[in-house]
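Visitor: Pasting in a structure now, in structure tokens, and then I'll have a few things to ask.
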2 protein chains.
Amino acid sequence: MEIARPYLLFLGDVPDALAAKTAIGIVDWRKDWCLGQVRMPGCAADTGLPDMTISEGAEGGAKTLIIGAVNAGGRLPENWVESIVEALNSGLDVASGLHVRLGSILAIKEAAEKNGRQLHDVRHNTTSFATGKGTKRSGKRILAVGTDCSVGKKYTALAMDKAMNDRGYTSSFCATGQTGVFISGRGAALDAVIADFISGAAEWLSPETDPSHWQIIEGQGSLFHPSFAGVTLGLLHGSQPDAFIVCHEPTRKTMRGVDTPLPSIQDVIDMTIQCGKLTNPDIRCIGIAVNTAALDEDEALAYLAKVGEKHGLPATDPVRFGMETIVDKVSAEFGAP
Amino acid sequence: MEIARPYLLFLGDVPDALAAKTAIGIVDWRKDWCLGQVRMPGCAADTGLPDMTISEGAEGGAKTLIIGAVNAGGRLPENWVESIVEALNSGLDVASGLHVRLGSILAIKEAAEKNGRQLHDVRHNTTSFATGKGTKRSGKRILAVGTDCSVGKKYTALAMDKAMNDRGYTSSFCATGQTGVFISGRGAALDAVIADFISGAAEWLSPETDPSHWQIIEGQGSLFHPSFAGVTLGLLHGSQPDAFIVCHEPTRKTMRGVDTPLPSIQDVIDMTIQCGKLTNPDIRCIGIAVNTAALDEDEALAYLAKVGEKHGLPATDPVRFGMETIVDKVSAEFGAP
């Protein structure tokens, strides 16, 4: 799945910014891929991009309308259908991260067929993956792992990709979740793959590349999450990372959505190495990325210093303090660019 | 998915017994559920059941025609369609473990609709599973795990279920693969579940039950198999087993289908406990089941004695020497029935 650019971001008439977090995430990381935003009357979200109509977007050269907002339940509101059909009639593809498939709505399906346009449902995989092979591929890989779900793995991987590029490494971000797919323009929502093909899909997502190229792979779930650890393990095996970054949220007490207590950072380091060495015997931890949003700056700095010292690794908050110390670690362990 | 009984086993015109191994597996374990077999001219497989036509089966009370044979590629041979349609017209449901969905063949779909009959595609899940919760359920559970795929996990679980029943325990077999589903009449092919729902499906497969009841759960893959470990981990977390049996084939050098070396039995015991304690802190290994088919009887006995002593656990070949010693271990660890 390759999503054509530039994007036109559709925000619908969502009642708040949270409902448009996909669009906001795209603008955070790929503003230069975005031409503008389309908002319906009543829309309370704003990405800061120029407002435009669909026809203005099409005239400006937009190639894909991204449904960058969700309503509760992941359904497609009926009053959004007209805009989507208009985009298809204007020559744009349409991409969505909603649960419902775009093509399941007759008017959208017919408009796509009539205009020969692509519909991308990033929550649904149309690619046929092979089963994982476990064979070593050329190139270098960093995987973001976590003590839990929703602790900043995507943000960490994107920040690491940017920091490595800024320091002269060649690197690319490999998406494994729906917002990540829009940000990379390619990828697959790994949680939607058929179970037998998880590691095969992860191999496809981080294919053989130039020996000096770094793939920075978005993580999913946690090896210690009783709902999703299977996805995490398949991703770890398929990614065969040379290095990983542990992501953590220090105020959380139980794993997201369940009663299971949070593992320690050391538990995650040990288990990731133990499992990961199956497909990369040299796997190692290169840093700890902490979401310190709940702490004030002094608390955050003290916490990071303590965690870093305890594990003998650079510890940072990617949002507050950047990824420089972890890129330093890459340079020390694997060489300068 | 509940498959109505008795079964009528359809063997088609397959050229050898291997192609009918699903039917043969059903007869090995559930002969009393089977009324007879339907063979086309040229069929070289034989389950030993009485031969009958579809109309004889229907008159005899058969409720479901089981497609108990496969051709290369998992496709449905065109010359089998007429028999399947005849079964539907005779009032039978039809169940298949082929890759192709029965309902994707128009004549079969129409006959099922016309007669109000069920089509069961056990490789495809129609059940909507929840994500796993990791909450402790009442009842006791034993999971078969393996050093590799295809080392006898299904056979071990079925033999353990039978041996425990024979010794006065109440137990039931929980299927996680397609042949197992026919043998249990219920279940799901776990490798065909969407990745996010692996452990949730495993929880559904081994639901809350009477505290004294034992669920004996068919294993899948191996925690050390780079293609399928994600499925194995999700199954382990969802099953929350009190006890597990390690299955092993002593002559294998690399994991099935890949170049990865086989783990040791001790590796599997350690990793299963380490991961399994997330959802059951008391998880323990109760025995080792070895497929000794490649060894003569003296070699097999010597190997089992050596492995048993090394790990301080009962070691047996379920086919050659039965499961008595492992049931003894259950009795010692968890009490008599």
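Naming scheme: A, B, ... for chains in displayed order of the structure tokens; residues 1 onward per chain; ligands 1 onward as shown.
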Compute the chain B side of the contact with chain A at 10 Å, counting only C-alpha atoms, and hand it back as a PDB file with N, CA and C atoms, in the first residue's frame.
Guide:
ATOM      1  N   ALA B 130     -13.361 -10.989  21.562  1.00  0.00           N
ATOM      2  CA  ALA B 130     -12.930  -9.794  22.286  1.00  0.00           C
ATOM      3  C   ALA B 130     -11.409  -9.852  22.416  1.00  0.00           C
ATOM      4  N   THR B 131     -10.786  -8.738  22.784  1.00  0.00           N
ATOM      5  CA  THR B 131      -9.368  -8.809  23.126  1.00  0.00           C
ATOM      6  C   THR B 131      -9.229  -9.533  24.467  1.00  0.00           C
ATOM      7  N   GLY B 132      -8.066 -10.143  24.681  1.00  0.00           N
ATOM      8  CA  GLY B 132      -7.844 -10.900  25.918  1.00  0.00           C
ATOM      9  C   GLY B 132      -7.888  -9.991  27.138  1.00  0.00           C
ATOM     10  N   LYS B 133      -8.349 -10.557  28.243  1.00  0.00           N
ATOM     11  CA  LYS B 133      -8.463  -9.756  29.467  1.00  0.00           C
ATOM     12  C   LYS B 133      -7.401 -10.140  30.496  1.00  0.00           C
ATOM     13  N   GLY B 134      -6.915 -11.379  30.441  1.00  0.00           N
ATOM     14  CA  GLY B 134      -5.898 -11.808  31.398  1.00  0.00           C
ATOM     15  C   GLY B 134      -6.441 -12.085  32.790  1.00  0.00           C
ATOM     16  N   THR B 135      -7.770 -12.067  32.952  1.00  0.00           N
ATOM     17  CA  THR B 135      -8.392 -12.296  34.262  1.00  0.00           C
ATOM     18  C   THR B 135      -8.430 -13.799  34.555  1.00  0.00           C
ATOM     19  N   LEU B 190      -6.761 -21.045  15.503  1.00  0.00           N
ATOM     20  CA  LEU B 190      -6.179 -19.844  16.108  1.00  0.00           C
ATOM     21  C   LEU B 190      -5.272 -19.097  15.140  1.00  0.00           C
ATOM     22  N   ASP B 191      -4.633 -19.837  14.223  1.00  0.00           N
ATOM     23  CA  ASP B 191      -3.717 -19.182  13.290  1.00  0.00           C
ATOM     24  C   ASP B 191      -4.461 -18.326  12.269  1.00  0.00           C
ATOM     25  N   ALA B 192      -5.789 -18.441  12.233  1.00  0.00           N
ATOM     26  CA  ALA B 192      -6.575 -17.657  11.277  1.00  0.00           C
ATOM     27  C   ALA B 192      -7.274 -16.466  11.929  1.00  0.00           C
ATOM     28  N   VAL B 193      -7.044 -16.268  13.218  1.00  0.00           N
ATOM     29  CA  VAL B 193      -7.652 -15.145  13.940  1.00  0.00           C
ATOM     30  C   VAL B 193      -6.865 -13.865  13.620  1.00  0.00           C
ATOM     31  N   ILE B 194      -7.537 -12.714  13.642  1.00  0.00           N
ATOM     32  CA  ILE B 194      -6.851 -11.426  13.491  1.00  0.00           C
ATOM     33  C   ILE B 194      -5.922 -11.224  14.697  1.00  0.00           C
ATOM     34  N   ALA B 195      -4.701 -10.728  14.415  1.00  0.00           N
ATOM     35  CA  ALA B 195      -3.621 -10.709  15.406  1.00  0.00           C
ATOM     36  C   ALA B 195      -4.016 -10.107  16.753  1.00  0.00           C
ATOM     37  N   ASP B 196      -4.802  -9.044  16.742  1.00  0.00           N
ATOM     38  CA  ASP B 196      -5.167  -8.373  17.981  1.00  0.00           C
ATOM     39  C   ASP B 196      -6.015  -9.246  18.908  1.00  0.00           C
ATOM     40  N   PHE B 197      -6.551 -10.329  18.393  1.00  0.00           N
ATOM     41  CA  PHE B 197      -7.528 -11.110  19.158  1.00  0.00           C
ATOM     42  C   PHE B 197      -7.038 -12.516  19.479  1.00  0.00           C
ATOM     43  N   ILE B 198      -5.739 -12.779  19.346  1.00  0.00           N
ATOM     44  CA  ILE B 198      -5.235 -14.141  19.581  1.00  0.00           C
ATOM     45  C   ILE B 198      -5.521 -14.571  21.013  1.00  0.00           C
ATOM     46  N   SER B 199      -5.095 -13.765  21.985  1.00  0.00           N
ATOM     47  CA  SER B 199      -5.288 -14.218  23.360  1.00  0.00           C
ATOM     48  C   SER B 199      -6.771 -14.162  23.738  1.00  0.00           C
ATOM     49  N   GLY B 200      -7.517 -13.244  23.157  1.00  0.00           N
ATOM     50  CA  GLY B 200      -8.964 -13.213  23.396  1.00  0.00           C
ATOM     51  C   GLY B 200      -9.640 -14.467  22.867  1.00  0.00           C
ATOM     52  N   GLY B 221       2.357 -24.005  17.232  1.00  0.00           N
ATOM     53  CA  GLY B 221       3.659 -23.392  16.983  1.00  0.00           C
ATOM     54  C   GLY B 221       4.651 -23.648  18.104  1.00  0.00           C
ATOM     55  N   LEU B 223       7.245 -21.055  20.955  1.00  0.00           N
ATOM     56  CA  LEU B 223       7.759 -19.722  21.325  1.00  0.00           C
ATOM     57  C   LEU B 223       9.087 -19.427  20.634  1.00  0.00           C
ATOM     58  N   PHE B 224       9.730 -20.460  20.104  1.00  0.00           N
ATOM     59  CA  PHE B 224      11.032 -20.284  19.457  1.00  0.00           C
ATOM     60  C   PHE B 224      10.945 -20.390  17.940  1.00  0.00           C
ATOM     61  N   HIS B 225       9.737 -20.395  17.385  1.00  0.00           N
ATOM     62  CA  HIS B 225       9.615 -20.466  15.926  1.00  0.00           C
ATOM     63  C   HIS B 225       9.447 -19.049  15.368  1.00  0.00           C
ATOM     64  N   PRO B 226      10.390 -18.587  14.518  1.00  0.00           N
ATOM     65  CA  PRO B 226      10.346 -17.194  14.074  1.00  0.00           C
ATOM     66  C   PRO B 226       9.133 -16.855  13.216  1.00  0.00           C
ATOM     67  N   SER B 227       8.423 -17.848  12.708  1.00  0.00           N
ATOM     68  CA  SER B 227       7.216 -17.544  11.930  1.00  0.00           C
ATOM     69  C   SER B 227       5.977 -17.430  12.812  1.00  0.00           C
ATOM     70  N   PHE B 228       5.889 -18.247  13.859  1.00  0.00           N
ATOM     71  CA  PHE B 228       4.595 -18.438  14.523  1.00  0.00           C
ATOM     72  C   PHE B 228       4.585 -18.154  16.024  1.00  0.00           C
ATOM     73  N   ALA B 229       5.705 -17.666  16.570  1.00  0.00           N
ATOM     74  CA  ALA B 229       5.796 -17.501  18.022  1.00  0.00           C
ATOM     75  C   ALA B 229       4.736 -16.546  18.574  1.00  0.00           C
ATOM     76  N   GLY B 230       4.304 -15.587  17.776  1.00  0.00           N
ATOM     77  CA  GLY B 230       3.267 -14.666  18.237  1.00  0.00           C
ATOM     78  C   GLY B 230       1.972 -15.399  18.559  1.00  0.00           C
ATOM     79  N   VAL B 231       1.598 -16.337  17.697  1.00  0.00           N
ATOM     80  CA  VAL B 231       0.401 -17.147  17.948  1.00  0.00           C
ATOM     81  C   VAL B 231       0.589 -17.956  19.234  1.00  0.00           C
ATOM     82  N   THR B 232       1.781 -18.541  19.381  1.00  0.00           N
ATOM     83  CA  THR B 232       2.058 -19.373  20.553  1.00  0.00           C
ATOM     84  C   THR B 232       1.965 -18.558  21.839  1.00  0.00           C
ATOM     85  N   LEU B 233       2.506 -17.345  21.825  1.00  0.00           N
ATOM     86  CA  LEU B 233       2.492 -16.515  23.037  1.00  0.00           C
ATOM     87  C   LEU B 233       1.075 -16.067  23.376  1.00  0.00           C
ATOM     88  N   GLY B 234       0.310 -15.656  22.360  1.00  0.00           N
ATOM     89  CA  GLY B 234      -1.075 -15.266  22.611  1.00  0.00           C
ATOM     90  C   GLY B 234      -1.894 -16.428  23.163  1.00  0.00           C
ATOM     91  N   LEU B 235      -1.646 -17.626  22.639  1.00  0.00           N
ATOM     92  CA  LEU B 235      -2.348 -18.821  23.128  1.00  0.00           C
ATOM     93  C   LEU B 235      -1.954 -19.106  24.580  1.00  0.00           C
ATOM     94  N   LEU B 236      -0.673 -18.973  24.888  1.00  0.00           N
ATOM     95  CA  LEU B 236      -0.198 -19.205  26.265  1.00  0.00           C
ATOM     96  C   LEU B 236      -0.850 -18.205  27.226  1.00  0.00           C
ATOM     97  N   HIS B 237      -0.838 -16.928  26.868  1.00  0.00           N
ATOM     98  CA  HIS B 237      -1.435 -15.924  27.751  1.00  0.00           C
ATOM     99  C   HIS B 237      -2.940 -16.149  27.914  1.00  0.00           C
ATOM    100  N   GLY B 238      -3.622 -16.422  26.806  1.00  0.00           N
ATOM    101  CA  GLY B 238      -5.077 -16.602  26.883  1.00  0.00           C
ATOM    102  C   GLY B 238      -5.479 -17.888  27.594  1.00  0.00           C
ATOM    103  N   GLN B 240      -3.877 -19.332  30.048  1.00  0.00           N
ATOM    104  CA  GLN B 240      -3.483 -19.245  31.464  1.00  0.00           C
ATOM    105  C   GLN B 240      -3.335 -20.635  32.103  1.00  0.00           C
ATOM    106  N   GLY B 257      10.429 -25.539   8.361  1.00  0.00           N
ATOM    107  CA  GLY B 257      10.248 -24.525   7.319  1.00  0.00           C
ATOM    108  C   GLY B 257      11.237 -23.381   7.349  1.00  0.00           C
ATOM    109  N   VAL B 258      12.092 -23.314   8.352  1.00  0.00           N
ATOM    110  CA  VAL B 258      13.065 -22.214   8.454  1.00  0.00           C
ATOM    111  C   VAL B 258      14.432 -22.794   8.849  1.00  0.00           C
ATOM    112  N   ASP B 259      15.450 -21.931   8.909  1.00  0.00           N
ATOM    113  CA  ASP B 259      16.806 -22.396   9.218  1.00  0.00           C
ATOM    114  C   ASP B 259      17.167 -22.268  10.699  1.00  0.00           C
ATOM    115  N   THR B 260      16.221 -21.820  11.514  1.00  0.00           N
ATOM    116  CA  THR B 260      16.489 -21.590  12.934  1.00  0.00           C
ATOM    117  C   THR B 260      16.731 -22.922  13.659  1.00  0.00           C
ATOM    118  N   PRO B 261      17.804 -23.018  14.452  1.00  0.00           N
ATOM    119  CA  PRO B 261      18.043 -24.265  15.182  1.00  0.00           C
ATOM    120  C   PRO B 261      16.942 -24.531  16.214  1.00  0.00           C
ATOM    121  N   PRO B 263      15.280 -25.216  19.752  1.00  0.00           N
ATOM    122  CA  PRO B 263      15.649 -24.917  21.142  1.00  0.00           C
ATOM    123  C   PRO B 263      15.741 -26.231  21.931  1.00  0.00           C
ATOM    124  N   MET B 271      11.221 -20.584  29.116  1.00  0.00           N
ATOM    125  CA  MET B 271      10.521 -19.478  28.460  1.00  0.00           C
ATOM    126  C   MET B 271       9.013 -19.581  28.674  1.00  0.00           C
ATOM    127  N   GLN B 274       8.367 -18.340  32.139  1.00  0.00           N
ATOM    128  CA  GLN B 274       8.603 -16.903  32.223  1.00  0.00           C
ATOM    129  C   GLN B 274       7.461 -16.093  31.597  1.00  0.00           C
ATOM    130  N   CYS B 275       7.007 -16.530  30.424  1.00  0.00           N
ATOM    131  CA  CYS B 275       5.906 -15.804  29.766  1.00  0.00           C
ATOM    132  C   CYS B 275       4.565 -16.166  30.391  1.00  0.00           C
ATOM    133  N   GLY B 276       4.372 -17.436  30.715  1.00  0.00           N
ATOM    134  CA  GLY B 276       3.070 -17.907  31.183  1.00  0.00           C
ATOM    135  C   GLY B 276       2.683 -17.348  32.539  1.00  0.00           C
ATOM    136  N   LEU B 278       2.655 -14.502  33.525  1.00  0.00           N
ATOM    137  CA  LEU B 278       1.919 -13.238  33.405  1.00  0.00           C
ATOM    138  C   LEU B 278       0.440 -13.441  33.714  1.00  0.00           C
ATOM    139  N   THR B 279      -0.127 -14.551  33.233  1.00  0.00           N
ATOM    140  CA  THR B 279      -1.561 -14.784  33.477  1.00  0.00           C
ATOM    141  C   THR B 279      -1.815 -15.944  34.435  1.00  0.00           C
TER     142      THR B 279
END
Visitor: Show which residues sit within 8 Å of segment 13-25 of chain B, as a short mmCIF file (atom, residue, chain, number, x, y, z; two decimals) with all heavy atoms, in the first residue's frame. Count only C-alpha atoms, and ignore same-chain residues fewer than 2 positions away.
Guide:
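Saved the output as selection_32.cif:
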data_model
loop_
_atom_site.label_atom_id
_atom_site.label_comp_id
_atom_site.auth_asym_id
_atom_site.auth_seq_id
_atom_site.Cartn_x
_atom_site.Cartn_y
_atom_site.Cartn_z
N LEU B 9 -17.99 -38.68 6.69
CA LEU B 9 -16.68 -38.20 6.26
C LEU B 9 -16.52 -38.34 4.75
O LEU B 9 -16.64 -39.45 4.21
CB LEU B 9 -15.56 -38.97 6.97
CG LEU B 9 -15.58 -38.94 8.49
CD1 LEU B 9 -14.34 -39.64 9.06
CD2 LEU B 9 -15.64 -37.51 9.01
N PHE B 10 -16.24 -37.23 4.10
CA PHE B 10 -16.07 -37.23 2.64
C PHE B 10 -14.57 -37.26 2.31
O PHE B 10 -13.83 -36.38 2.73
CB PHE B 10 -16.71 -35.97 2.05
CG PHE B 10 -16.60 -35.88 0.56
CD1 PHE B 10 -17.44 -36.64 -0.25
CD2 PHE B 10 -15.67 -35.04 -0.04
CE1 PHE B 10 -17.34 -36.56 -1.63
CE2 PHE B 10 -15.57 -34.95 -1.42
CZ PHE B 10 -16.41 -35.71 -2.22
N LEU B 11 -14.16 -38.30 1.59
CA LEU B 11 -12.74 -38.47 1.27
C LEU B 11 -12.42 -38.11 -0.18
O LEU B 11 -11.25 -38.14 -0.59
CB LEU B 11 -12.28 -39.91 1.54
CG LEU B 11 -11.83 -40.22 2.98
CD1 LEU B 11 -12.90 -39.93 4.01
CD2 LEU B 11 -11.36 -41.67 3.08
N VAL B 27 -11.36 -40.14 12.94
CA VAL B 27 -11.71 -41.53 13.27
C VAL B 27 -10.84 -42.06 14.41
O VAL B 27 -11.32 -42.80 15.29
CB VAL B 27 -11.62 -42.42 12.01
CG1 VAL B 27 -11.86 -43.89 12.36
CG2 VAL B 27 -12.62 -41.95 10.97
N ASP B 28 -9.57 -41.66 14.45
CA ASP B 28 -8.69 -42.08 15.55
C ASP B 28 -9.27 -41.71 16.91
O ASP B 28 -9.14 -42.44 17.88
CB ASP B 28 -7.31 -41.38 15.44
CG ASP B 28 -6.40 -42.06 14.44
OD1 ASP B 28 -6.71 -43.19 14.01
OD2 ASP B 28 -5.36 -41.46 14.09
N TRP B 29 -9.87 -40.52 16.99
CA TRP B 29 -10.26 -39.99 18.30
C TRP B 29 -11.76 -39.96 18.53
O TRP B 29 -12.20 -39.89 19.68
CB TRP B 29 -9.68 -38.58 18.47
CG TRP B 29 -8.18 -38.63 18.55
CD1 TRP B 29 -7.30 -38.34 17.57
CD2 TRP B 29 -7.40 -39.06 19.67
NE1 TRP B 29 -6.01 -38.55 18.01
CE2 TRP B 29 -6.04 -38.98 19.30
CE3 TRP B 29 -7.72 -39.49 20.97
CZ2 TRP B 29 -5.00 -39.33 20.16
CZ3 TRP B 29 -6.69 -39.83 21.83
CH2 TRP B 29 -5.35 -39.75 21.43
N ARG B 39 -16.60 -42.25 -0.44
CA ARG B 39 -15.41 -42.23 -1.30
C ARG B 39 -15.83 -42.23 -2.76
O ARG B 39 -16.72 -42.98 -3.16
CB ARG B 39 -14.53 -43.44 -0.99
CG ARG B 39 -14.06 -43.43 0.46
CD ARG B 39 -12.93 -44.41 0.70
NE ARG B 39 -13.38 -45.80 0.56
CZ ARG B 39 -12.55 -46.84 0.55
NH1 ARG B 39 -11.23 -46.65 0.61
NH2 ARG B 39 -13.02 -48.06 0.46
N MET B 40 -15.15 -41.43 -3.55
CA MET B 40 -15.41 -41.38 -4.99
C MET B 40 -14.54 -42.43 -5.69
O MET B 40 -13.54 -42.88 -5.13
CB MET B 40 -15.10 -39.98 -5.53
CG MET B 40 -16.03 -38.89 -4.98
SD MET B 40 -15.47 -37.21 -5.39
CE MET B 40 -15.70 -37.25 -7.18
N PRO B 41 -14.91 -42.80 -6.91
CA PRO B 41 -14.07 -43.75 -7.66
C PRO B 41 -12.63 -43.25 -7.71
O PRO B 41 -12.39 -42.06 -7.95
CB PRO B 41 -14.70 -43.77 -9.06
CG PRO B 41 -16.12 -43.34 -8.85
CD PRO B 41 -16.10 -42.39 -7.69
N GLY B 42 -11.68 -44.13 -7.46
CA GLY B 42 -10.27 -43.76 -7.51
C GLY B 42 -9.69 -43.37 -6.17
O GLY B 42 -8.48 -43.18 -6.04
N CYS B 43 -10.52 -43.24 -5.14
CA CYS B 43 -10.03 -42.83 -3.82
C CYS B 43 -9.12 -43.91 -3.25
O CYS B 43 -9.49 -45.08 -3.17
CB CYS B 43 -11.20 -42.59 -2.88
SG CYS B 43 -10.69 -42.06 -1.23
N ALA B 44 -7.90 -43.52 -2.84
CA ALA B 44 -6.93 -44.50 -2.33
C ALA B 44 -6.78 -44.41 -0.81
O ALA B 44 -5.93 -45.08 -0.24
CB ALA B 44 -5.59 -44.29 -3.02
N ALA B 45 -7.59 -43.59 -0.15
CA ALA B 45 -7.54 -43.51 1.31
C ALA B 45 -8.71 -44.30 1.90
O ALA B 45 -9.73 -44.51 1.23
CB ALA B 45 -7.63 -42.05 1.76
N ASP B 46 -8.55 -44.74 3.13
CA ASP B 46 -9.59 -45.55 3.78
C ASP B 46 -9.50 -45.34 5.29
O ASP B 46 -8.48 -45.60 5.90
CB ASP B 46 -9.38 -47.03 3.44
CG ASP B 46 -10.52 -47.91 3.97
OD1 ASP B 46 -11.45 -47.38 4.61
OD2 ASP B 46 -10.47 -49.13 3.73
N THR B 47 -10.58 -44.84 5.90
CA THR B 47 -10.58 -44.65 7.35
C THR B 47 -11.00 -45.91 8.09
O THR B 47 -10.96 -45.95 9.31
CB THR B 47 -11.59 -43.54 7.75
OG1 THR B 47 -12.90 -44.00 7.41
CG2 THR B 47 -11.29 -42.23 7.05
N ILE B 66 -18.33 -33.91 6.50
CA ILE B 66 -17.03 -33.29 6.78
C ILE B 66 -16.12 -33.53 5.58
O ILE B 66 -15.90 -34.69 5.20
CB ILE B 66 -16.37 -33.95 8.02
CG1 ILE B 66 -17.30 -33.94 9.23
CG2 ILE B 66 -15.01 -33.30 8.31
CD1 ILE B 66 -17.31 -32.69 10.04
N ILE B 67 -15.59 -32.45 5.01
CA ILE B 67 -14.60 -32.62 3.94
C ILE B 67 -13.30 -33.00 4.65
O ILE B 67 -12.58 -32.14 5.15
CB ILE B 67 -14.42 -31.33 3.12
CG1 ILE B 67 -15.78 -30.74 2.70
CG2 ILE B 67 -13.54 -31.59 1.90
CD1 ILE B 67 -16.62 -31.65 1.86
N GLY B 68 -13.03 -34.29 4.69
CA GLY B 68 -11.94 -34.82 5.51
C GLY B 68 -10.68 -35.08 4.72
O GLY B 68 -9.81 -35.82 5.17
N ALA B 69 -10.57 -34.48 3.55
CA ALA B 69 -9.42 -34.69 2.68
C ALA B 69 -9.02 -33.35 2.07
O ALA B 69 -9.82 -32.43 2.01
CB ALA B 69 -9.76 -35.69 1.58
N VAL B 70 -7.78 -33.25 1.67
CA VAL B 70 -7.31 -32.04 0.99
C VAL B 70 -6.62 -32.42 -0.31
O VAL B 70 -6.05 -33.50 -0.43
CB VAL B 70 -6.28 -31.25 1.85
CG1 VAL B 70 -6.94 -30.64 3.06
CG2 VAL B 70 -5.12 -32.14 2.27
N ASN B 71 -6.70 -31.53 -1.26
CA ASN B 71 -5.84 -31.69 -2.43
C ASN B 71 -4.72 -30.68 -2.29
O ASN B 71 -4.79 -29.76 -1.47
CB ASN B 71 -6.63 -31.50 -3.73
CG ASN B 71 -6.98 -30.05 -3.96
OD1 ASN B 71 -7.15 -29.30 -3.01
ND2 ASN B 71 -7.10 -29.67 -5.20
N THR B 179 -8.10 -29.61 12.39
CA THR B 179 -8.49 -31.00 12.64
C THR B 179 -9.04 -31.14 14.05
O THR B 179 -10.03 -31.83 14.30
CB THR B 179 -7.30 -31.96 12.42
OG1 THR B 179 -6.83 -31.80 11.08
CG2 THR B 179 -7.70 -33.40 12.64
N ILE B 183 -12.58 -32.69 15.78
CA ILE B 183 -12.51 -33.70 16.84
C ILE B 183 -13.25 -33.23 18.09
O ILE B 183 -13.81 -34.04 18.82
CB ILE B 183 -11.03 -34.07 17.13
CG1 ILE B 183 -10.43 -34.80 15.92
CG2 ILE B 183 -10.91 -34.91 18.40
CD1 ILE B 183 -8.94 -35.05 16.01
#
Visitor: Give me the residues near Glu2 of chain B as a compact mmCIF listing (two decimals) with N, CA, C and O atoms, in the first residue's frame, where near means some atom within 12 Å (using only C-alpha atoms) and where sequence neighbours in that chain fewer than 4 positions away do not count.
Guide:
# COMPACT_ATOMS: atom_id res chain seq x y z
N LYS B 63 -25.58 -35.71 10.29
CA LYS B 63 -25.97 -34.30 10.36
C LYS B 63 -25.01 -33.39 9.59
O LYS B 63 -25.40 -32.32 9.14
N THR B 64 -23.75 -33.80 9.48
CA THR B 64 -22.76 -32.94 8.81
C THR B 64 -21.84 -33.77 7.92
O THR B 64 -21.31 -34.81 8.36
N ASP B 93 -25.52 -30.35 7.00
CA ASP B 93 -24.57 -29.25 6.98
C ASP B 93 -23.28 -29.75 6.33
O ASP B 93 -23.08 -30.95 6.18
N VAL B 94 -22.40 -28.82 5.97
CA VAL B 94 -21.09 -29.21 5.42
C VAL B 94 -20.00 -28.43 6.13
O VAL B 94 -20.14 -27.22 6.37
N ALA B 95 -18.92 -29.13 6.51
CA ALA B 95 -17.80 -28.48 7.20
C ALA B 95 -16.51 -28.80 6.46
O ALA B 95 -16.32 -29.93 6.00
N GLN B 118 -26.09 -25.06 7.30
CA GLN B 118 -24.87 -24.36 7.71
C GLN B 118 -23.67 -24.81 6.87
O GLN B 118 -23.51 -26.01 6.62
N LEU B 119 -22.82 -23.85 6.52
CA LEU B 119 -21.49 -24.16 5.96
C LEU B 119 -20.45 -23.74 7.00
O LEU B 119 -20.42 -22.59 7.42
N HIS B 120 -19.62 -24.68 7.43
CA HIS B 120 -18.58 -24.39 8.42
C HIS B 120 -17.22 -24.40 7.73
O HIS B 120 -16.78 -25.44 7.25
N ASP B 121 -16.57 -23.24 7.69
CA ASP B 121 -15.20 -23.18 7.17
C ASP B 121 -14.27 -23.03 8.36
O ASP B 121 -14.08 -21.92 8.85
N VAL B 122 -13.69 -24.13 8.84
CA VAL B 122 -12.99 -24.03 10.13
C VAL B 122 -11.67 -23.28 10.01
O VAL B 122 -11.10 -22.87 11.02
N THR B 126 -15.67 -16.90 11.92
CA THR B 126 -16.79 -15.98 11.80
C THR B 126 -17.13 -15.40 13.17
O THR B 126 -17.82 -14.39 13.26
N THR B 127 -16.63 -16.03 14.23
CA THR B 127 -16.87 -15.51 15.59
C THR B 127 -16.14 -14.18 15.76
O THR B 127 -15.01 -14.03 15.32
N ALA B 175 -9.87 -27.42 21.16
CA ALA B 175 -9.20 -27.40 19.86
C ALA B 175 -8.74 -26.00 19.49
O ALA B 175 -9.47 -25.01 19.71
N VAL B 181 -10.70 -28.97 15.67
CA VAL B 181 -12.07 -28.46 15.73
C VAL B 181 -13.07 -29.55 15.35
O VAL B 181 -14.10 -29.72 15.99
N PHE B 182 -12.74 -30.35 14.33
CA PHE B 182 -13.64 -31.46 13.96
C PHE B 182 -13.71 -32.49 15.10
O PHE B 182 -14.75 -33.08 15.35
N ILE B 183 -12.58 -32.69 15.78
CA ILE B 183 -12.51 -33.70 16.84
C ILE B 183 -13.25 -33.23 18.09
O ILE B 183 -13.81 -34.04 18.82
N SER B 184 -13.27 -31.93 18.33
CA SER B 184 -13.97 -31.45 19.52
C SER B 184 -15.38 -31.00 19.19
O SER B 184 -16.19 -30.83 20.09
N GLY B 185 -15.68 -30.79 17.91
CA GLY B 185 -17.00 -30.29 17.51
C GLY B 185 -17.18 -28.81 17.77
O GLY B 185 -18.24 -28.24 17.54
N ARG B 186 -16.11 -28.16 18.26
CA ARG B 186 -16.17 -26.74 18.62
C ARG B 186 -14.74 -26.22 18.61
O ARG B 186 -13.80 -26.98 18.73
N GLY B 187 -14.56 -24.93 18.49
CA GLY B 187 -13.22 -24.37 18.57
C GLY B 187 -12.98 -23.39 17.47
O GLY B 187 -13.91 -22.96 16.77
N ALA B 188 -11.72 -23.01 17.30
CA ALA B 188 -11.36 -22.05 16.28
C ALA B 188 -9.93 -22.34 15.85
O ALA B 188 -9.11 -22.77 16.66
